[in-house]
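Take a look at the structure below.
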Amino acid sequence: MDDLPISVMGSNFKLNADPLSGEEDSDSTETRVGISHVRSASFHSRSGSSTPRNRQISPTHSPRLPPSRFGSFDKFSSDVQHASSFSGLNIFGLLSDHSSDKFKVDKRVKKRAGTVWYQRKRIKGILLLILLAGLFFFVNWVMLLRLQEQDDRIQQYDANAVNSNPEYSGNVSSSRISVQGKRKASRNKWPKGNYGRLLALAAHALAEGESKPEPKDLWQEPVVASSAWKPCADKRNLEPIERNIGYIMVTANGGMNQQRVAVCNAVVLARLLNSTLVVPRFLYSSVWKDVSDIYQEDHFINYMNPDIHIMKELPDNLRSLDLEAIGSVVTDADITKEAMPRFYLKNILPILIKNKVVHFLGFGNRLAFDPLSFELQRLRCRCNFHALRFVPKIQETGALILQRLRQKEGYPGPLDKHLVGSYAESTIKEKKARSTKSSKYLSVHLRFEIDMVAHSLCEFGGGKEEKEELEAYRAVHFPALSLLQKTTKLPSPEDLRSEGLCPLTPEEAVLMLAALGFKRKTKIFVAGSQIYGGSTRLTALTSLYPNLVTKEKLLSTTELEPFKNFSSQLAALDFIGCTASDAFAMTDSGSQLSSLVSGYRIYYGGGRMPTIRPNKRRLASIFSRNNTIEWRIFEIRVRKAVRQTKHVLTRPRGRSVYRYPRCKECMCWTG
């Protein structure tokens, strides 16, 4: 702080105002006596406190004095004047030498105070640096211990996995990663999508979790909110069609699920155009090599007869017509996806009036969900949930699958009578003679067949060989997509994955299940067993969940033989196994089977049939950290991502009633 000049009786004095000037010099008694008045004034100006106001004030560049110090100025002046007069009048120069000595001492005190201040600051800085360095080394030591413990877990799992499954040894050996180079080695040894490190941590977590209870909501829906919705699509208000304009024929493409949607849309279209529906047939394709009937024709006709006219064949007078020549054949290329009702009234109705018949080829998702009248939307639901029943051959084998999945008394389940009909009752009679321990089962639809993998344009860790194989498949089965890929700049596989547009791999699916809390002993029924990559791609699933079964494992060769060459019938068996399960997990929300299964469970489940719908965009963000994320953090984030999809929501406008039947057209709110 700057010295404060004080003029007393014509002479100039300087009052030392440094906060540290109050400290005594132990080597000089004279100093204590010579500056006693000045020091006294300095301390009294601090409201009676002997502690300095600010110890960080620089001894050479001090700030301006605060206003409160000027309030004691008169006292300072009187004290100095009293000292001067007592010494014999300073104006005659009698005290000049003595005063000079006193102020030299004062300067030495000020210099010494500055030195002490610097020494204290230096000591504090050194102590702070030592503290920070110690904290840094402590944190690194803790992290090193955690990494070492994690490495020990991985090595322990490696040994267990190799002993239990020799085929897996080539994969898990890559997880033996040293602590020093863990992150780098993990990137090099594990191609993207294989998740060796996380799979090892999942195995350890499953082993530790055997004695722990499962999460409470794992096998449950929000019962109160969901159970308030009751099925009511069977209630009829439509008047019979009085005038028949013509006939509608549909040859549906795709598999069992696409055919189901096409049939229900055809029912609505027949009612919209006041026409008679000819029982739909199924189109042979290179993917779904099956034209067999999977639904009971007689039940379909009889159940829908009050709403529309249905015939098994065209009348004789129309059967001989060349429909293509007269312009009555309409393909998917002629109709936009999810076309509005007004499109059919404007473009198809004139053809129907003129030619008396229209034949739709394909008819995949060619009718919009909105806007549609209440009764037409209810008709759609009535067809899907009530009119379509599998043929007895499928029902009987489906009941056999459910019987072997459920090793308990109390079979059948709540949905079985809607899926397998009277065969549910015949199997329960066989179960009454024995009593076994109750067991639940989880169903998983792994939508990872080669058609889905190729159509997604994503990469799944197979390198150049995988890329060439999928490109060749696209060229044969999806030529339009293959051409588009060559002529248009499409999003990269990385962008597609980050946006949640890639199907979950089997490795990602099993990691999700383990993170959600399903125990190792859980029985899992896997649908869609024709997995791209074969049985080796299921190694992660079977290693972590040994009680994994497919319809091929549950049925003998003899029992499976009638379905061997019928892909749609095999898909129907998967539909039954998934729909009747205690919990259902989908891996691709865009899958038609997953949509139909989840909707069927909502409609008939009474709020007690939970469905796991992963948010693939959120999961992609979580899986991107597979080389570094801790298992506990992984669990928390996965559970949060899945829990957010468990809300009970009514059907959003424009969305499928087959997937979201909670709407006034399909179900009735009783809450």
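Please note that chains go A, B, ... in the order of the structure tokens, that every chain numbers its residues from 1, and that ligands are numbered from 1 in the order shown.
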Would you list the contacts of region 307-312 of chain A as a PyMOL selection string, taking every protein, DNA or RNA residue within 12 Å and counting only C-alpha atoms, but skipping same-chain residues closer than 6 positions in sequence?
chain A and resi 234-250+263-264+266-281+297-301+375-376+378-380+382-383+387
Option closest in space to Leu442 (chain A), from A:Pro503, A:Gly533, A:Pro610, A:Gly398 [counting only C-alpha atoms]:
A:Pro610
Show me a table, sorted first by chain and then by increasing residue number, of the residues of region 485-584 of chain A having an atom at most 9 Å from region 214-221 of chain A, each with its shortest atom pair and the distance in Å to one decimal, counting only C-alpha atoms and written as CSV.
```
residue,atom,partner,partner_atom,distance
A:Leu516,CA,A:Leu218,CA,7.5
A:Gly517,CA,A:Glu214,CA,5.9
A:Phe518,CA,A:Glu214,CA,6.8
A:Lys519,CA,A:Glu214,CA,7.4
A:Asp582,CA,A:Trp219,CA,6.9
A:Ala583,CA,A:Trp219,CA,6.0
```
Could you pull out all residues of region 319-441 of chain A with a DSSP call of helix (DSSP H, G or I) and give them as number ranges by chain?
A: 319, 332-334, 341-355, 374-387, 392-405, 416-420, 423-431
I'd like the interatomic distance between CA of Thr397 (chain A) and CA of Asp416 (chain A), to a tenth of an Å.
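One can read the CA of Thr397 (chain A) to CA of Asp416 (chain A) distance as 12.5 Å.
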Can you pull out every residue within 12 Å of Ser227 (chain A), counting only C-alpha atoms, but drop anything in the same chain fewer than 6 positions away, and send it as a list of chain:residue names?
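These residues fall inside the cut-off: A:Gln220, A:Glu221, A:Arg601, A:Ile602, A:Tyr603, A:Tyr604, A:Gly605, A:Gly606, A:Gly607, A:Arg608, A:Met609, A:Pro610, A:Val648, A:Arg662, A:Met667, A:Cys668, A:Trp669, A:Thr670, A:Gly671.
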Same residues, C-alpha atoms, saved as a PDB file, in the first residue's frame:
```
ATOM      1  CA  GLN A 220     -44.665 -56.818 -16.101  1.00  0.00           C
ATOM      2  CA  GLU A 221     -46.432 -54.020 -17.901  1.00  0.00           C
ATOM      3  CA  ARG A 601     -50.330 -59.214 -27.000  1.00  0.00           C
ATOM      4  CA  ILE A 602     -51.799 -55.781 -26.272  1.00  0.00           C
ATOM      5  CA  TYR A 603     -55.237 -56.716 -27.597  1.00  0.00           C
ATOM      6  CA  TYR A 604     -55.653 -60.006 -25.734  1.00  0.00           C
ATOM      7  CA  GLY A 605     -53.036 -59.681 -22.970  1.00  0.00           C
ATOM      8  CA  GLY A 606     -55.115 -57.790 -20.415  1.00  0.00           C
ATOM      9  CA  GLY A 607     -52.126 -55.613 -19.487  1.00  0.00           C
ATOM     10  CA  ARG A 608     -50.034 -58.578 -18.350  1.00  0.00           C
ATOM     11  CA  MET A 609     -48.022 -59.371 -21.463  1.00  0.00           C
ATOM     12  CA  PRO A 610     -44.978 -57.065 -21.527  1.00  0.00           C
ATOM     13  CA  VAL A 648     -49.038 -47.127 -22.166  1.00  0.00           C
ATOM     14  CA  ARG A 662     -55.203 -49.106 -28.052  1.00  0.00           C
ATOM     15  CA  MET A 667     -60.405 -51.472 -27.949  1.00  0.00           C
ATOM     16  CA  CYS A 668     -62.670 -49.877 -25.363  1.00  0.00           C
ATOM     17  CA  TRP A 669     -61.432 -47.794 -22.438  1.00  0.00           C
ATOM     18  CA  THR A 670     -62.991 -48.929 -19.135  1.00  0.00           C
ATOM     19  CA  GLY A 671     -60.929 -46.854 -16.735  1.00  0.00           C
TER      20      GLY A 671
END
```
Using only C-alpha atoms, pick whichever of A:Val261, A:Lys553, A:Leu198, A:Asp322 has the shortest atom-to-atom distance to Cys381 (chain A).
A:Val261
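CA of Ser443 (chain A) lies 5.9 Å from CA of Ser581 (chain A).
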Could you tell me, as a ChimeraX atom specification, which residues of region 554-621 of chain A DSSP assigns to strand (DSSP E or B) when given the backbone?
/A:583-586,611-612
Save the residues we just selected, all heavy atoms, as a PDB file, in the first residue's frame?
```pdb
ATOM      1  N   ALA A 583     -42.901 -62.861 -21.743  1.00  0.00           N
ATOM      2  CA  ALA A 583     -42.333 -61.562 -22.127  1.00  0.00           C
ATOM      3  C   ALA A 583     -41.781 -61.707 -23.535  1.00  0.00           C
ATOM      4  O   ALA A 583     -41.269 -62.766 -23.908  1.00  0.00           O
ATOM      5  CB  ALA A 583     -41.241 -61.125 -21.160  1.00  0.00           C
ATOM      6  N   PHE A 584     -41.891 -60.643 -24.310  1.00  0.00           N
ATOM      7  CA  PHE A 584     -41.445 -60.674 -25.707  1.00  0.00           C
ATOM      8  C   PHE A 584     -40.481 -59.525 -25.954  1.00  0.00           C
ATOM      9  O   PHE A 584     -40.756 -58.384 -25.580  1.00  0.00           O
ATOM     10  CB  PHE A 584     -42.646 -60.563 -26.654  1.00  0.00           C
ATOM     11  CG  PHE A 584     -42.277 -60.354 -28.098  1.00  0.00           C
ATOM     12  CD1 PHE A 584     -41.570 -61.316 -28.795  1.00  0.00           C
ATOM     13  CD2 PHE A 584     -42.642 -59.191 -28.759  1.00  0.00           C
ATOM     14  CE1 PHE A 584     -41.221 -61.123 -30.124  1.00  0.00           C
ATOM     15  CE2 PHE A 584     -42.310 -58.983 -30.087  1.00  0.00           C
ATOM     16  CZ  PHE A 584     -41.598 -59.964 -30.773  1.00  0.00           C
ATOM     17  N   ALA A 585     -39.342 -59.845 -26.572  1.00  0.00           N
ATOM     18  CA  ALA A 585     -38.337 -58.819 -26.880  1.00  0.00           C
ATOM     19  C   ALA A 585     -38.132 -58.763 -28.386  1.00  0.00           C
ATOM     20  O   ALA A 585     -37.806 -59.778 -29.010  1.00  0.00           O
ATOM     21  CB  ALA A 585     -37.020 -59.129 -26.175  1.00  0.00           C
ATOM     22  N   MET A 586     -38.349 -57.608 -28.959  1.00  0.00           N
ATOM     23  CA  MET A 586     -38.061 -57.410 -30.380  1.00  0.00           C
ATOM     24  C   MET A 586     -36.695 -56.753 -30.529  1.00  0.00           C
ATOM     25  O   MET A 586     -36.225 -56.038 -29.632  1.00  0.00           O
ATOM     26  CB  MET A 586     -39.142 -56.548 -31.025  1.00  0.00           C
ATOM     27  CG  MET A 586     -39.257 -55.148 -30.464  1.00  0.00           C
ATOM     28  SD  MET A 586     -40.468 -54.125 -31.352  1.00  0.00           S
ATOM     29  CE  MET A 586     -42.006 -54.860 -30.847  1.00  0.00           C
ATOM     30  N   THR A 611     -43.897 -56.247 -23.495  1.00  0.00           N
ATOM     31  CA  THR A 611     -43.101 -56.288 -24.715  1.00  0.00           C
ATOM     32  C   THR A 611     -41.927 -55.322 -24.575  1.00  0.00           C
ATOM     33  O   THR A 611     -42.118 -54.166 -24.177  1.00  0.00           O
ATOM     34  CB  THR A 611     -43.940 -55.909 -25.946  1.00  0.00           C
ATOM     35  OG1 THR A 611     -44.976 -56.880 -26.124  1.00  0.00           O
ATOM     36  CG2 THR A 611     -43.087 -55.873 -27.204  1.00  0.00           C
ATOM     37  N   ILE A 612     -40.736 -55.806 -24.885  1.00  0.00           N
ATOM     38  CA  ILE A 612     -39.518 -54.991 -24.807  1.00  0.00           C
ATOM     39  C   ILE A 612     -39.263 -54.406 -26.191  1.00  0.00           C
ATOM     40  O   ILE A 612     -39.009 -55.144 -27.151  1.00  0.00           O
ATOM     41  CB  ILE A 612     -38.323 -55.827 -24.335  1.00  0.00           C
ATOM     42  CG1 ILE A 612     -38.592 -56.376 -22.934  1.00  0.00           C
ATOM     43  CG2 ILE A 612     -37.039 -55.008 -24.355  1.00  0.00           C
ATOM     44  CD1 ILE A 612     -37.590 -57.417 -22.480  1.00  0.00           C
TER      45      ILE A 612
END
```
Between A:Leu361, A:Val420, A:Leu352, A:Cys502, which residue has the minimum interatomic distance to Ser591 (chain A), considering only C-alpha atoms?
A:Cys502
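In this structure, CA of Ser211 (chain A) sits 21.0 Å away from CA of Leu541 (chain A).
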List as a list of chain:residue names the protein and nucleic acid residues near Thr336 (chain A), meaning an atom at most 12 Å away when only C-alpha atoms are counted, but skip any in the same chain fewer than 6 places from it.
A:Val330, A:Phe343, A:Tyr344, A:Phe363, A:Gly364, A:Asn365, A:Arg366, A:Leu367, A:Ala368
